[in-house]
file input10.cif (mmCIF, C-alpha atoms and all ligand atoms)
data_query
loop_
_atom_site.label_atom_id
_atom_site.label_comp_id
_atom_site.auth_asym_id
_atom_site.auth_seq_id
_atom_site.Cartn_x
_atom_site.Cartn_y
_atom_site.Cartn_z
CA MET A 18 -18.97 -108.58 39.15
CA GLN A 19 -21.61 -106.44 40.86
CA LYS A 20 -22.93 -103.69 38.59
CA TYR A 21 -22.29 -100.88 41.07
CA TYR A 22 -19.84 -99.93 43.82
CA TYR A 23 -19.42 -96.98 46.15
CA GLN A 24 -16.92 -94.19 46.57
CA CYS A 25 -16.64 -92.07 49.73
CA VAL A 26 -17.09 -88.38 48.95
CA ASP A 27 -14.53 -87.44 51.60
CA CYS A 28 -11.66 -89.96 51.65
CA GLY A 29 -12.24 -91.33 48.14
CA GLN A 30 -11.99 -95.00 49.10
CA GLU A 31 -13.96 -97.43 47.01
CA ILE A 32 -16.25 -99.95 48.65
CA GLU A 33 -17.70 -102.98 46.93
CA THR A 34 -20.40 -104.83 48.83
CA SER A 35 -23.85 -106.24 48.26
CA GLU A 36 -24.79 -105.68 51.94
CA VAL A 37 -26.65 -102.67 53.34
CA VAL A 38 -24.19 -99.78 53.67
CA TYR A 39 -24.75 -96.15 54.65
CA LEU A 40 -21.76 -93.92 55.44
CA CYS A 41 -18.08 -94.70 54.80
CA PRO A 42 -16.93 -96.77 57.80
CA ASP A 43 -13.71 -94.77 58.21
CA CYS A 44 -15.10 -91.26 57.80
CA LYS A 45 -18.27 -91.70 59.86
CA ILE A 46 -16.17 -92.09 63.01
CA GLN A 47 -15.29 -88.38 62.93
CA ASN A 48 -18.91 -87.25 62.72
CA ASN A 49 -20.41 -85.09 65.45
CA GLN A 50 -23.84 -83.61 65.90
CA ASN A 51 -23.15 -79.98 65.00
CA GLN A 52 -21.43 -80.63 61.70
CA PRO A 53 -22.66 -82.05 58.40
CA PRO A 54 -21.89 -85.77 58.17
CA LYS A 55 -18.75 -86.97 56.46
CA GLY A 56 -18.61 -90.24 54.57
CA VAL A 57 -21.66 -89.99 52.28
CA LEU A 58 -21.23 -92.53 49.48
CA ARG A 59 -21.47 -91.96 45.76
CA THR A 60 -22.70 -94.96 43.76
CA LEU A 61 -20.66 -95.69 40.63
CA TYR A 62 -21.01 -98.09 37.69
CA HIS A 63 -18.63 -99.72 35.24
CA TYR A 64 -19.47 -97.05 32.68
CA THR A 65 -17.11 -98.07 29.90
CA LYS A 66 -18.47 -101.63 29.93
CA ILE A 67 -22.03 -100.47 29.16
CA SER A 68 -21.79 -100.06 25.40
CA LYS A 69 -25.30 -98.86 24.64
CA SER A 70 -26.73 -95.66 23.22
CA PHE A 71 -28.73 -93.23 25.35
CA LYS A 72 -31.90 -94.34 23.55
CA GLU A 73 -31.23 -98.00 24.40
CA ILE A 74 -30.69 -97.19 28.06
CA GLU A 75 -33.77 -94.97 28.12
CA LYS A 76 -35.90 -97.72 26.58
CA ASN A 77 -35.23 -99.86 29.64
CA ASP A 78 -35.98 -97.07 32.16
CA PHE A 79 -32.25 -96.45 32.77
CA LEU A 80 -31.85 -99.80 34.54
CA ASP A 81 -28.18 -100.00 33.41
CA LEU A 82 -27.44 -96.95 35.58
CA LEU A 83 -29.50 -97.94 38.62
CA PRO A 84 -28.47 -100.12 41.60
CA ILE A 85 -31.33 -102.61 41.12
CA SER A 86 -31.59 -105.75 38.98
CA LYS A 87 -35.14 -105.60 37.64
CA ILE A 88 -37.54 -102.84 36.66
CA GLU A 89 -40.34 -105.03 38.07
CA SER A 90 -38.97 -104.39 41.59
CA LEU A 91 -40.14 -100.77 41.31
CA PRO A 92 -43.62 -99.84 42.56
CA ASN A 93 -46.54 -100.20 40.21
CA LEU A 94 -47.00 -96.42 40.13
CA ARG A 95 -45.77 -93.85 37.64
CA VAL A 96 -42.70 -92.45 39.41
CA GLY A 97 -40.78 -89.80 37.46
CA LYS A 98 -41.54 -89.43 33.74
CA THR A 99 -42.92 -86.03 34.72
CA PRO A 100 -43.79 -83.35 32.17
CA MET A 101 -41.58 -80.46 31.18
CA TYR A 102 -43.33 -77.34 29.86
CA LEU A 103 -41.94 -74.51 27.72
CA ILE A 104 -43.35 -71.14 28.84
CA LYS A 105 -43.21 -68.31 26.29
CA ASN A 106 -44.18 -65.31 28.37
CA ILE A 107 -44.52 -64.12 31.95
CA ASP A 108 -46.90 -61.32 32.95
CA ASN A 109 -47.42 -60.41 29.25
CA GLU A 110 -43.70 -60.10 28.61
CA ASP A 111 -42.49 -62.28 25.72
CA LEU A 112 -39.32 -64.06 26.73
CA ASN A 113 -36.29 -63.98 24.43
CA PHE A 114 -34.87 -67.14 25.99
CA GLY A 115 -36.21 -70.62 26.66
CA LEU A 116 -37.89 -71.16 30.03
CA TYR A 117 -38.92 -74.70 30.93
CA PHE A 118 -40.66 -76.00 34.05
CA LYS A 119 -39.92 -79.59 35.00
CA ASP A 120 -42.94 -80.41 37.15
CA ASP A 121 -42.03 -83.08 39.65
CA ALA A 122 -45.07 -82.38 41.78
CA GLN A 123 -46.69 -84.80 39.35
CA ASN A 124 -45.26 -87.80 41.11
CA PRO A 125 -47.54 -90.31 42.91
CA THR A 126 -47.28 -88.60 46.33
CA PHE A 127 -46.92 -85.14 44.74
CA SER A 128 -43.23 -84.52 45.37
CA PHE A 129 -39.82 -85.18 43.86
CA LYS A 130 -39.03 -87.48 46.81
CA ASP A 131 -40.78 -90.42 45.10
CA ARG A 132 -37.78 -90.81 42.80
CA ALA A 133 -35.60 -91.67 45.80
CA SER A 134 -38.21 -93.71 47.69
CA ALA A 135 -38.88 -95.89 44.64
CA ILE A 136 -35.24 -96.95 44.23
CA VAL A 137 -34.72 -97.51 47.97
CA SER A 138 -37.92 -99.56 48.15
CA ALA A 139 -37.02 -101.61 45.06
CA TRP A 140 -33.58 -102.37 46.46
CA ALA A 141 -35.18 -103.45 49.75
CA LYS A 142 -37.56 -105.72 47.86
CA GLU A 143 -34.72 -107.37 45.95
CA ASN A 144 -32.87 -107.92 49.22
CA GLY A 145 -35.72 -109.35 51.26
CA ILE A 146 -36.20 -106.30 53.50
CA ASP A 147 -39.78 -105.45 54.47
CA THR A 148 -39.53 -102.49 56.88
CA ILE A 149 -38.12 -99.08 55.93
CA ILE A 150 -37.67 -96.16 58.29
CA ALA A 151 -37.09 -92.46 57.55
CA ALA A 152 -36.91 -89.03 59.08
CA SER A 153 -38.35 -86.21 57.05
CA THR A 154 -39.51 -82.61 57.00
CA GLY A 155 -42.70 -84.13 55.54
CA ASN A 156 -42.31 -84.98 51.87
CA ALA A 157 -39.74 -87.77 52.14
CA GLY A 158 -41.95 -89.33 54.80
CA SER A 159 -45.18 -89.05 52.86
CA SER A 160 -43.35 -90.34 49.80
CA LEU A 161 -41.87 -93.37 51.54
CA ALA A 162 -45.26 -94.12 53.12
CA GLY A 163 -46.99 -94.05 49.73
CA ILE A 164 -44.34 -96.05 47.90
CA CYS A 165 -44.27 -98.67 50.69
CA ALA A 166 -48.06 -98.97 50.52
CA ALA A 167 -47.78 -99.74 46.80
CA GLN A 168 -45.02 -102.28 47.49
CA LYS A 169 -46.66 -103.95 50.51
CA GLN A 170 -43.75 -102.89 52.71
CA LYS A 171 -43.90 -101.35 56.19
CA ALA A 172 -42.84 -97.73 56.70
CA ILE A 173 -41.94 -95.96 59.95
CA ILE A 174 -41.70 -92.18 59.65
CA TYR A 175 -40.29 -89.54 62.04
CA VAL A 176 -41.48 -86.00 61.27
CA PRO A 177 -41.44 -82.73 63.22
CA SER A 178 -44.94 -82.15 64.61
CA SER A 179 -44.88 -78.72 62.92
CA ALA A 180 -44.98 -80.30 59.42
CA PRO A 181 -47.92 -79.18 57.26
CA LYS A 182 -51.09 -81.14 57.99
CA ALA A 183 -51.46 -82.43 54.42
CA LYS A 184 -48.11 -84.20 54.64
CA LEU A 185 -48.92 -85.76 58.04
CA THR A 186 -52.32 -86.81 56.71
CA GLN A 187 -50.77 -88.51 53.69
CA ILE A 188 -48.44 -90.56 55.92
CA VAL A 189 -51.32 -91.87 58.02
CA MET A 190 -53.62 -92.46 55.02
CA TYR A 191 -50.94 -94.58 53.36
CA GLY A 192 -50.91 -96.74 56.49
CA ALA A 193 -47.39 -95.97 57.74
CA LYS A 194 -46.43 -95.71 61.39
CA LEU A 195 -46.11 -91.97 62.04
CA ILE A 196 -44.01 -90.63 64.90
CA THR A 197 -44.31 -86.86 65.26
CA VAL A 198 -41.42 -85.27 67.11
CA ALA A 199 -41.90 -82.13 69.22
CA GLY A 200 -38.66 -80.73 67.82
CA THR A 201 -36.76 -80.01 64.65
CA TYR A 202 -36.14 -82.10 61.54
CA ASP A 203 -32.54 -82.49 62.65
CA GLN A 204 -33.72 -84.02 65.94
CA ALA A 205 -36.13 -86.34 64.12
CA PHE A 206 -33.20 -87.40 61.92
CA ASP A 207 -31.10 -88.40 64.94
CA MET A 208 -34.02 -90.34 66.45
CA SER A 209 -34.49 -92.34 63.28
CA LEU A 210 -30.78 -93.20 63.24
CA ALA A 211 -31.01 -94.45 66.83
CA ALA A 212 -33.99 -96.63 65.89
CA THR A 213 -32.08 -98.03 62.90
CA GLU A 214 -29.10 -98.88 65.11
CA LYS A 215 -31.28 -100.51 67.74
CA HIS A 216 -33.71 -102.45 65.52
CA GLY A 217 -31.86 -102.77 62.22
CA PHE A 218 -34.66 -101.35 60.05
CA TYR A 219 -33.55 -100.30 56.57
CA ASN A 220 -33.07 -96.53 56.63
CA ARG A 221 -34.09 -94.22 53.76
CA ASN A 222 -32.79 -91.00 55.29
CA THR A 223 -31.70 -88.60 52.62
CA ALA A 224 -27.98 -88.87 51.69
CA PHE A 225 -27.41 -91.34 54.57
CA ASN A 226 -28.84 -93.95 52.21
CA PRO A 227 -26.72 -93.54 49.05
CA PHE A 228 -29.53 -94.75 46.79
CA THR A 229 -31.56 -91.60 47.53
CA ILE A 230 -29.08 -89.78 45.29
CA GLU A 231 -29.33 -92.50 42.62
CA GLY A 232 -33.11 -92.22 42.54
CA LYS A 233 -33.02 -88.45 42.30
CA LYS A 234 -30.53 -88.40 39.42
CA THR A 235 -33.11 -89.83 37.01
CA VAL A 236 -34.58 -86.34 36.64
CA SER A 237 -31.45 -85.31 34.72
CA PHE A 238 -31.81 -88.20 32.28
CA GLU A 239 -35.38 -87.07 31.64
CA MET A 240 -34.51 -83.39 31.24
CA TYR A 241 -31.81 -84.34 28.71
CA SER A 242 -34.25 -86.53 26.82
CA GLN A 243 -37.06 -83.95 26.91
CA MET A 244 -34.69 -81.37 25.45
CA ASN A 245 -34.10 -83.67 22.46
CA GLU A 246 -30.78 -84.83 23.82
CA GLN A 247 -29.42 -81.36 24.42
CA VAL A 248 -28.01 -79.99 27.66
CA ALA A 249 -29.76 -76.95 29.12
CA ASP A 250 -27.67 -73.86 29.84
CA ARG A 251 -28.95 -73.35 33.40
CA ILE A 252 -31.00 -75.43 35.79
CA PHE A 253 -32.45 -73.87 38.96
CA VAL A 254 -32.81 -76.30 41.87
CA PRO A 255 -34.26 -75.70 45.37
CA VAL A 256 -31.83 -76.86 48.07
CA GLY A 257 -32.24 -78.04 51.65
CA ASP A 258 -30.11 -81.08 52.51
CA GLY A 259 -28.46 -80.88 49.09
CA VAL A 260 -29.53 -84.29 47.82
CA ILE A 261 -31.77 -83.22 44.93
CA ILE A 262 -29.07 -80.92 43.58
CA SER A 263 -26.42 -83.64 43.99
CA GLY A 264 -28.75 -86.01 42.16
CA VAL A 265 -29.11 -83.49 39.31
CA PHE A 266 -25.30 -83.16 39.10
CA LYS A 267 -24.84 -86.93 39.37
CA GLY A 268 -27.29 -87.60 36.55
CA PHE A 269 -25.43 -85.31 34.16
CA GLU A 270 -22.09 -86.63 35.40
CA ASP A 271 -23.23 -90.16 34.54
CA LEU A 272 -24.18 -88.94 31.04
CA LEU A 273 -20.73 -87.35 30.75
CA LYS A 274 -19.01 -90.59 31.82
CA MET A 275 -21.10 -92.56 29.33
CA GLY A 276 -19.92 -90.17 26.62
CA TYR A 277 -23.47 -89.03 25.74
CA ILE A 278 -22.77 -85.37 26.55
CA GLU A 279 -19.69 -83.18 26.40
CA LYS A 280 -20.47 -80.44 28.89
CA MET A 281 -22.38 -79.99 32.11
CA PRO A 282 -25.21 -77.48 32.47
CA VAL A 283 -24.73 -74.63 34.97
CA ILE A 284 -26.67 -75.80 38.00
CA VAL A 285 -27.88 -73.10 40.37
CA ALA A 286 -28.45 -73.89 44.06
CA VAL A 287 -31.37 -71.83 45.32
CA GLN A 288 -31.81 -71.52 49.09
CA SER A 289 -34.03 -69.45 51.29
CA GLU A 290 -32.41 -66.54 53.16
CA GLY A 291 -34.00 -68.18 56.18
CA SER A 292 -32.28 -71.52 55.57
CA LYS A 293 -28.97 -70.93 53.85
CA ASN A 294 -26.57 -73.43 55.37
CA ILE A 295 -25.07 -74.58 52.07
CA VAL A 296 -24.91 -71.23 50.25
CA ALA A 297 -23.60 -69.34 53.30
CA ASN A 298 -20.94 -71.92 54.17
CA ILE A 299 -19.64 -72.99 50.79
CA HIS A 300 -16.62 -70.65 50.84
CA GLN A 301 -15.98 -70.90 54.60
CA LYS A 302 -13.28 -73.02 56.22
CA GLU A 303 -15.45 -73.99 59.17
CA PHE A 304 -19.12 -74.90 58.91
CA THR A 305 -21.33 -72.71 61.09
CA ILE A 306 -25.05 -73.22 61.56
CA TYR A 307 -27.35 -70.36 60.61
CA PRO A 308 -30.53 -71.48 62.42
CA SER A 309 -33.27 -71.98 59.87
CA LYS A 310 -36.64 -70.30 59.82
CA THR A 311 -38.50 -70.05 56.53
CA VAL A 312 -41.93 -70.44 54.99
CA ALA A 313 -40.36 -73.10 52.73
CA ASP A 314 -40.56 -75.98 55.23
CA SER A 315 -39.18 -78.64 52.89
CA ILE A 316 -35.87 -76.82 52.55
CA SER A 317 -35.67 -75.73 56.19
CA VAL A 318 -32.53 -77.51 57.36
CA ASP A 319 -29.86 -76.61 59.94
CA ILE A 320 -27.35 -79.31 59.08
CA PRO A 321 -27.47 -80.24 55.39
CA ARG A 322 -27.07 -84.02 55.26
CA ASN A 323 -25.39 -83.94 51.89
CA TYR A 324 -23.33 -80.80 52.47
CA PHE A 325 -19.93 -82.13 51.39
CA MET A 326 -21.15 -83.80 48.20
CA ALA A 327 -23.24 -80.79 47.15
CA VAL A 328 -20.32 -78.41 47.75
CA ASP A 329 -17.97 -80.77 45.90
CA TYR A 330 -20.27 -80.82 42.85
CA LEU A 331 -20.91 -77.07 42.92
CA LYS A 332 -17.17 -76.36 42.95
CA LYS A 333 -16.19 -79.05 40.46
CA TYR A 334 -18.74 -78.06 37.81
CA ASN A 335 -18.87 -74.28 38.38
CA GLY A 336 -22.32 -74.33 39.92
CA GLU A 337 -23.84 -71.08 41.13
CA THR A 338 -25.75 -70.09 44.28
CA VAL A 339 -28.51 -67.62 45.05
CA LEU A 340 -30.60 -66.76 48.11
CA VAL A 341 -34.25 -65.71 48.01
CA SER A 342 -36.40 -64.22 50.76
CA ASP A 343 -39.68 -65.65 51.99
CA SER A 344 -41.58 -62.79 50.36
CA GLU A 345 -39.82 -63.43 47.04
CA ILE A 346 -40.79 -67.10 47.34
CA LEU A 347 -44.45 -66.29 48.00
CA GLN A 348 -44.53 -63.70 45.20
CA ALA A 349 -42.95 -66.22 42.81
CA SER A 350 -45.60 -68.71 43.85
CA LYS A 351 -48.35 -66.37 42.74
CA THR A 352 -46.56 -65.48 39.50
CA LEU A 353 -46.08 -69.17 38.71
CA SER A 354 -49.69 -70.09 39.35
CA ASN A 355 -51.07 -67.07 37.45
CA ASN A 356 -48.88 -67.65 34.41
CA THR A 357 -48.73 -71.41 34.08
CA GLY A 358 -51.55 -73.14 35.93
CA ILE A 359 -48.99 -74.89 38.14
CA PHE A 360 -49.45 -74.54 41.89
CA SER A 361 -46.29 -75.30 43.80
CA GLU A 362 -45.39 -75.47 47.49
CA PRO A 363 -43.01 -72.77 48.82
CA ALA A 364 -39.84 -74.93 48.88
CA SER A 365 -40.52 -75.98 45.31
CA VAL A 366 -41.17 -72.53 43.94
CA ALA A 367 -37.98 -71.20 45.58
CA SER A 368 -36.26 -72.36 42.37
CA PHE A 369 -38.50 -70.05 40.32
CA ALA A 370 -37.85 -67.20 42.77
CA GLY A 371 -34.13 -67.77 42.13
CA PHE A 372 -34.74 -67.68 38.39
CA LEU A 373 -36.75 -64.43 38.70
CA LYS A 374 -33.89 -62.88 40.66
CA TYR A 375 -31.44 -63.80 37.87
CA LYS A 376 -33.86 -62.36 35.32
CA SER A 377 -34.25 -59.09 37.20
CA GLU A 378 -30.45 -58.81 37.27
CA ASN A 379 -30.29 -59.45 33.48
CA ARG A 380 -28.34 -62.64 34.05
CA ILE A 381 -30.38 -64.81 31.66
CA PRO A 382 -28.71 -64.61 28.22
CA GLU A 383 -30.82 -64.24 25.08
CA LYS A 384 -31.65 -67.58 23.41
CA SER A 385 -30.36 -69.54 26.43
CA LYS A 386 -32.27 -72.60 27.62
CA ASN A 387 -33.24 -72.55 31.29
CA ILE A 388 -34.98 -75.16 33.36
CA VAL A 389 -36.72 -74.45 36.67
CA LEU A 390 -37.14 -77.63 38.69
CA LEU A 391 -40.42 -77.74 40.61
CA THR A 392 -40.40 -80.30 43.40
CA GLY A 393 -43.70 -80.33 45.31
CA SER A 394 -47.40 -79.57 44.99
CA GLY A 395 -48.99 -76.42 46.38
CA LEU A 396 -51.81 -78.51 47.83
CA LYS A 397 -49.35 -79.89 50.37
CA ASP A 398 -49.19 -76.56 52.17
CA LEU A 399 -52.23 -74.32 51.75
CA ASN A 400 -51.57 -72.30 54.89
CA SER A 401 -48.46 -70.51 53.79
CA VAL A 402 -50.11 -68.81 50.79
CA GLN A 403 -53.23 -67.60 52.63
CA CYS A 404 -51.47 -64.26 53.28
CA LEU A 405 -51.42 -63.66 49.49
CA ILE A 406 -55.10 -64.13 48.81
CA THR A 407 -58.59 -63.46 50.04
CA LEU A 408 -61.25 -66.03 49.43
CA PRO A 409 -64.52 -64.29 48.52
CA ASP A 410 -67.48 -64.28 50.90
CA ALA A 411 -70.36 -66.50 49.83
CA VAL A 412 -73.17 -64.88 47.86
CA LYS A 413 -76.80 -65.79 48.46
CA PRO A 414 -77.96 -68.51 46.02
CA ASN A 415 -80.50 -66.33 44.24
C1 LIG T 1 -36.84 -82.23 49.92
C2 LIG T 1 -37.32 -81.11 49.10
C3 LIG T 1 -36.45 -80.16 48.56
C4 LIG T 1 -34.99 -80.12 48.82
O1 LIG T 1 -34.25 -81.27 48.55
P1 LIG T 1 -32.90 -81.55 49.30
O2 LIG T 1 -32.43 -82.84 48.77
O3 LIG T 1 -33.23 -81.61 50.77
O4 LIG T 1 -31.97 -80.42 49.03
C5 LIG T 1 -37.00 -79.17 47.75
N1 LIG T 1 -38.33 -79.11 47.51
C6 LIG T 1 -39.18 -80.01 48.03
C7 LIG T 1 -40.63 -79.86 47.74
C8 LIG T 1 -38.72 -81.03 48.84
O5 LIG T 1 -39.61 -81.89 49.37
#

call {"tool": "encode", "arguments": {"input": "input10.cif", "output": "structure tokens"}}
result
Amino acid sequence: MQKYYYQCVDCGQEIETSEVVYLCPDCKIQNNQNQPPKGVLRTLYHYTKISKSFKEIEKNDFLDLLPISKIESLPNLRVGKTPMYLIKNIDNEDLNFGLYFKDDAQNPTFSFKDRASAIVSAWAKENGIDTIIAASTGNAGSSLAGICAAQKQKAIIYVPSSAPKAKLTQIVMYGAKLITVAGTYDQAFDMSLAATEKHGFYNRNTAFNPFTIEGKKTVSFEMYSQMNEQVADRIFVPVGDGVIISGVFKGFEDLLKMGYIEKMPVIVAVQSEGSKNIVANIHQKEFTIYPSKTVADSISVDIPRNYFMAVDYLKKYNGETVLVSDSEILQASKTLSNNTGIFSEPASVASFAGFLKYKSENRIPEKSKNIVLLTGSGLKDLNSVQCLITLPDAVKPN
């Protein structure tokens, strides 16, 4: 028996195969370009047959709950295992609740995306695949390029030409084939799908490849472990395509199914007012596109690729949603850096802006434990914060 199988988020059918599979074959037929894709697959395990404690699973890097056979298939880089910091005060105000920052900028290519790239790349390695393709707003592409370099695999990356220069530079430095598209992320996504269909390259596109969600869920296992096997009350997550947040839900859901935990944390989806296609549509019958324009490029998405799964999780586990403006994001960025020594890119710090909004509305209960998930390094996008600062003129060296 294979250790994992798939379940379609939309029609619920279960699929067991060891071949490459992306969307549910029945649901993908209905898909059209102006709607989020149906048929994203959730990867499931034979939970009740794994009779091990959390500590035992953790000791083996959670291999029992991953779709790969050997830990050695993963890149020889430290992916995940990122620090989580407890912060006791902000701007000289002592906090009467717990505030933790889970800093996923400290991944090999400086973003959360490495968690997904590592699992996709390891699966490819175990299945004799040597070329992986992806479309990206920048971070997924730079991540796949870096992970593939470590694994001696080839990467082909489609990115909008407007992506921050640091991200484009990373892709080329890691030796991937970079295709910049004079268009949006959504257009780059469609181009990469066409290339996959034509040439059969293995595709890492977020949500389209179900293992992206499996890679991302490992952050929840770590947060649970770092909280001494307790579940946080609230976790703030920045949301674009809705894969990171689905991964966070999925990780805790796996822990629930294993019987390690009894309740889910409240998971808060934070989007930018300028890119709000999950938060603004969640209670609507028909999905309408609010065209995206925001300083937070990594969460700037017109058609969220994991819309239906993210909405399903938010509704099932009483998740919450909040929107933040670009100026709130940039202000939060400065507050974060000043108070913690962590410098985060705008999309990443959107989660902290969401937290600050909750705090200003007195929605953070006393003694509660709150985690803000930080997803990318500030060095990836220096331009967007220049409006906040002035670099001093040089003084004469005398
Ligand atoms: C990709 C990304 C996100 C959003 O993740 P989704 O899965 O698209 O919702 C948030 N922050 C950063 C830095 C990212 O690169």

call {"tool": "residues_near_ligand", "arguments": {"input": "input10.cif", "ligand": "ligand LIG 1 (chain T)", "cutoff": "6 Å", "atoms": "only C-alpha atoms and all ligand atoms", "output": "PyMOL selection string"}}
result
chain A and resi 128+156+255-261+315-316+364-365+392-393

call {"tool": "residues_around", "arguments": {"input": "input10.cif", "residues": "Leu405 of chain A", "least_positions_apart": "4", "cutoff": "10 Å", "atoms": "all atoms listed in the file", "output": "compact mmCIF listing (two decimals) with C-alpha atoms, keeping the file's coordinate frame"}}
result
# COMPACT_ATOMS: atom_id res chain seq x y z
CA SER A 344 -41.58 -62.79 50.36
CA LEU A 347 -44.45 -66.29 48.00
CA GLN A 348 -44.53 -63.70 45.20
CA SER A 350 -45.60 -68.71 43.85
CA LYS A 351 -48.35 -66.37 42.74
CA SER A 401 -48.46 -70.51 53.79

call {"tool": "closest_residue", "arguments": {"input": "input10.cif", "among": "A:Thr235, A:Thr186, A:Thr126, A:Asn387", "to": "Leu80 of chain A", "atoms": "all atoms listed in the file"}}
result
A:Thr235

call {"tool": "residues_around", "arguments": {"input": "input10.cif", "residues": "Gly268 of chain A", "least_positions_apart": "6", "cutoff": "8 Å", "atoms": "only C-alpha atoms", "output": "PyMOL selection string"}}
result
chain A and resi 234-238

call {"tool": "closest_residue", "arguments": {"input": "input10.cif", "among": "A:Cys28, A:Tyr23, A:Thr229, A:Ala122", "to": "Gln47 of chain A", "atoms": "all atoms listed in the file"}}
result
A:Cys28

call {"tool": "residues_around", "arguments": {"input": "input10.cif", "residues": "Gly115 of chain A", "least_positions_apart": "2", "cutoff": "10 Å", "atoms": "only C-alpha atoms", "output": "NGL selection string"}}
result
:A and (103-106 or 112-113 or 117 or 249-250 or 381-388)

call {"tool": "closest_residue", "arguments": {"input": "input10.cif", "among": "A:Glu89, A:Glu143, A:Glu337, A:Asp131", "to": "Glu36 of chain A", "atoms": "all atoms listed in the file"}}
result
A:Glu143

call {"tool": "atom_distance", "arguments": {"input": "input10.cif", "atom1": "atom CA of Ala141 of chain A", "atom2": "atom CA of Gly217 of chain A"}}
result
12.9 Å

call {"tool": "residues_around", "arguments": {"input": "input10.cif", "residues": "Val312 of chain A", "least_positions_apart": "2", "cutoff": "7 Å", "atoms": "all atoms listed in the file", "output": "JSON, numbers by chain"}}
result
{"A": [314, 343, 363, 401]}

call {"tool": "closest_residue", "arguments": {"input": "input10.cif", "among": "A:Leu116, A:Ala139, A:Ala370, A:Val38", "to": "Pro84 of chain A", "atoms": "all atoms listed in the file"}}
result
A:Ala139

call {"tool": "closest_residue", "arguments": {"input": "input10.cif", "among": "A:Asp319, A:Glu345, A:Asp27, A:Asp108", "to": "Asp203 of chain A", "atoms": "all atoms listed in the file"}}
result
A:Asp319

call {"tool": "atom_distance", "arguments": {"input": "input10.cif", "atom1": "atom CA of Leu331 of chain A", "atom2": "atom CA of Leu83 of chain A"}}
result
23.0 Å

call {"tool": "atom_distance", "arguments": {"input": "input10.cif", "atom1": "atom CA of Asp329 of chain A", "atom2": "atom CA of Leu272 of chain A"}}
result
18.1 Å

call {"tool": "residues_near_point", "arguments": {"input": "input10.cif", "point": "(-32.4, -67.6, 46.8)", "cutoff": "8 Å", "atoms": "all atoms listed in the file", "output": "VMD selection string"}}
result
chain A and resid 286 to 290 338 to 342 367 to 368 370 to 371 374

call {"tool": "residues_around", "arguments": {"input": "input10.cif", "residues": "Thr65 of chain A", "least_positions_apart": "4", "cutoff": "10 Å", "atoms": "all atoms listed in the file", "output": "PyMOL selection string"}}
result
chain A and resi 69+274-276
